[in-house]
Amino acid sequence: FSTDQRVHLTIVDEGHGIDDDIKAKVFDPDFTTKTNKGTGLGLFVVKQLCEEYNGNINFTSTINVGTAFEISFPKAAEVSI
């Protein structure tokens, strides 16, 4: 959805959710909960890209319900061709 100033994208899953004790770490480089794969860079890179383009990323998560990430960016100026 969009507002007058920003465009918002929400990604929701119905998975396990994120435990409270690791919520503060999910955007840290090299952080992963996977024991046999993964680099722990995915959400770190997404956050860096959001910030580079004046956007932001936030999330809410409830155990046994799921997680919702919201990404938003400022709207670009319209260009007439």
# chains A, B, ... in the order shown; residues from 1 in each chain; ligands from 1
>>> residues_around(residues="Phe27 (chain A)", least_positions_apart="4", cutoff="10 Å", atoms="only C-alpha atoms", output="list of chain:residue names")
A:Lys23, A:Phe31, A:Thr32, A:Gly40, A:Leu41, A:Gly42, A:Leu43, A:Phe44, A:Val45, A:Val46, A:Lys47, A:Gln48, A:Ile57
>>> select_by_dssp(residues="chain A", states="strand (DSSP E or B)", output="PyMOL selection string")
chain A and resi 2+6-13+56-62+66-74
>>> residues_around(residues="Val7 (chain A)", least_positions_apart="3", cutoff="8 Å", atoms="only C-alpha atoms", output="list in words")
Phe1, Ser2, Thr3, Ser72, Phe73, Pro74 and Lys75 of chain A
>>> write_last_selection(atoms="all heavy atoms", output="mmCIF file, in the first residue's frame")
data_model
loop_
_atom_site.group_PDB
_atom_site.id
_atom_site.type_symbol
_atom_site.label_atom_id
_atom_site.label_comp_id
_atom_site.auth_asym_id
_atom_site.auth_seq_id
_atom_site.Cartn_x
_atom_site.Cartn_y
_atom_site.Cartn_z
ATOM 1 N N PHE A 1 0.834 -1.174 0.000
ATOM 2 C CA PHE A 1 0.000 0.000 0.000
ATOM 3 C C PHE A 1 0.875 1.232 0.000
ATOM 4 O O PHE A 1 2.079 1.141 0.220
ATOM 5 C CB PHE A 1 -0.975 -0.020 1.196
ATOM 6 C CG PHE A 1 -0.369 0.231 2.542
ATOM 7 C CD1 PHE A 1 -0.353 1.512 3.061
ATOM 8 C CD2 PHE A 1 0.158 -0.796 3.301
ATOM 9 C CE1 PHE A 1 0.189 1.743 4.310
ATOM 10 C CE2 PHE A 1 0.689 -0.578 4.553
ATOM 11 C CZ PHE A 1 0.708 0.700 5.063
ATOM 12 N N SER A 2 0.303 2.365 -0.249
ATOM 13 C CA SER A 2 1.092 3.587 -0.234
ATOM 14 C C SER A 2 0.315 4.695 0.465
ATOM 15 O O SER A 2 -0.908 4.665 0.556
ATOM 16 C CB SER A 2 1.470 4.018 -1.647
ATOM 17 O OG SER A 2 0.319 4.384 -2.373
ATOM 18 N N THR A 3 1.069 5.647 0.967
ATOM 19 C CA THR A 3 0.503 6.850 1.550
ATOM 20 C C THR A 3 0.939 8.000 0.653
ATOM 21 O O THR A 3 1.567 7.775 -0.378
ATOM 22 C CB THR A 3 1.020 7.049 2.987
ATOM 23 O OG1 THR A 3 2.435 7.230 2.938
ATOM 24 C CG2 THR A 3 0.674 5.861 3.868
ATOM 25 N N SER A 72 9.393 0.069 4.053
ATOM 26 C CA SER A 72 8.810 1.263 3.431
ATOM 27 C C SER A 72 9.921 2.136 2.858
ATOM 28 O O SER A 72 11.051 2.150 3.356
ATOM 29 C CB SER A 72 7.964 2.060 4.427
ATOM 30 O OG SER A 72 8.756 2.652 5.419
ATOM 31 N N PHE A 73 9.558 2.815 1.769
ATOM 32 C CA PHE A 73 10.457 3.730 1.087
ATOM 33 C C PHE A 73 9.710 5.013 0.772
ATOM 34 O O PHE A 73 8.495 4.985 0.544
ATOM 35 C CB PHE A 73 10.950 3.141 -0.247
ATOM 36 C CG PHE A 73 11.863 1.976 -0.093
ATOM 37 C CD1 PHE A 73 11.385 0.681 -0.212
ATOM 38 C CD2 PHE A 73 13.207 2.159 0.164
ATOM 39 C CE1 PHE A 73 12.226 -0.408 -0.076
ATOM 40 C CE2 PHE A 73 14.056 1.076 0.305
ATOM 41 C CZ PHE A 73 13.571 -0.201 0.181
ATOM 42 N N PRO A 74 10.432 6.127 0.703
ATOM 43 C CA PRO A 74 9.778 7.357 0.261
ATOM 44 C C PRO A 74 9.375 7.219 -1.202
ATOM 45 O O PRO A 74 10.064 6.560 -1.980
ATOM 46 C CB PRO A 74 10.851 8.435 0.430
ATOM 47 C CG PRO A 74 12.105 7.752 0.802
ATOM 48 C CD PRO A 74 11.833 6.309 1.027
ATOM 49 N N LYS A 75 8.248 7.813 -1.533
ATOM 50 C CA LYS A 75 7.824 7.814 -2.936
ATOM 51 C C LYS A 75 8.776 8.652 -3.753
ATOM 52 O O LYS A 75 9.250 9.704 -3.305
ATOM 53 C CB LYS A 75 6.414 8.392 -3.078
ATOM 54 C CG LYS A 75 5.332 7.438 -2.747
ATOM 55 C CD LYS A 75 3.993 8.027 -3.130
ATOM 56 C CE LYS A 75 2.888 7.033 -2.894
ATOM 57 N NZ LYS A 75 1.576 7.625 -3.218
#
>>> atom_distance(atom1="CA of Asp4 (chain A)", atom2="CA of Tyr53 (chain A)")
17.5 Å
>>> closest_residue(among="A:Asn54, A:Thr39, A:Thr10, A:Thr33", to="Thr67 (chain A)", atoms="only C-alpha atoms")
A:Thr10
>>> atom_distance(atom1="CA of Gly55 (chain A)", atom2="CA of Gln5 (chain A)")
11.5 Å
>>> atom_distance(atom1="CA of Phe69 (chain A)", atom2="CA of Asp13 (chain A)")
9.0 Å
>>> residues_around(residues="Thr60 (chain A)", least_positions_apart="6", cutoff="9 Å", atoms="only C-alpha atoms", output="PyMOL selection string")
chain A and resi 17-18+66-70
>>> write_last_selection(atoms="C-alpha atoms", output="PDB file, in the first residue's frame")
ATOM      1  CA  GLY A  17       7.744 -16.763  15.039  1.00  0.00           C
ATOM      2  CA  ILE A  18      10.903 -15.167  16.402  1.00  0.00           C
ATOM      3  CA  GLY A  66       4.148 -15.884  12.709  1.00  0.00           C
ATOM      4  CA  THR A  67       6.158 -12.853  11.692  1.00  0.00           C
ATOM      5  CA  ALA A  68       5.397  -9.742   9.650  1.00  0.00           C
ATOM      6  CA  PHE A  69       8.133  -7.576   8.130  1.00  0.00           C
ATOM      7  CA  GLU A  70       7.183  -4.112   6.887  1.00  0.00           C
TER       8      GLU A  70
END
>>> select_by_dssp(residues="chain A", states="alpha helix (DSSP H)", output="number ranges by chain")
A: 42-52
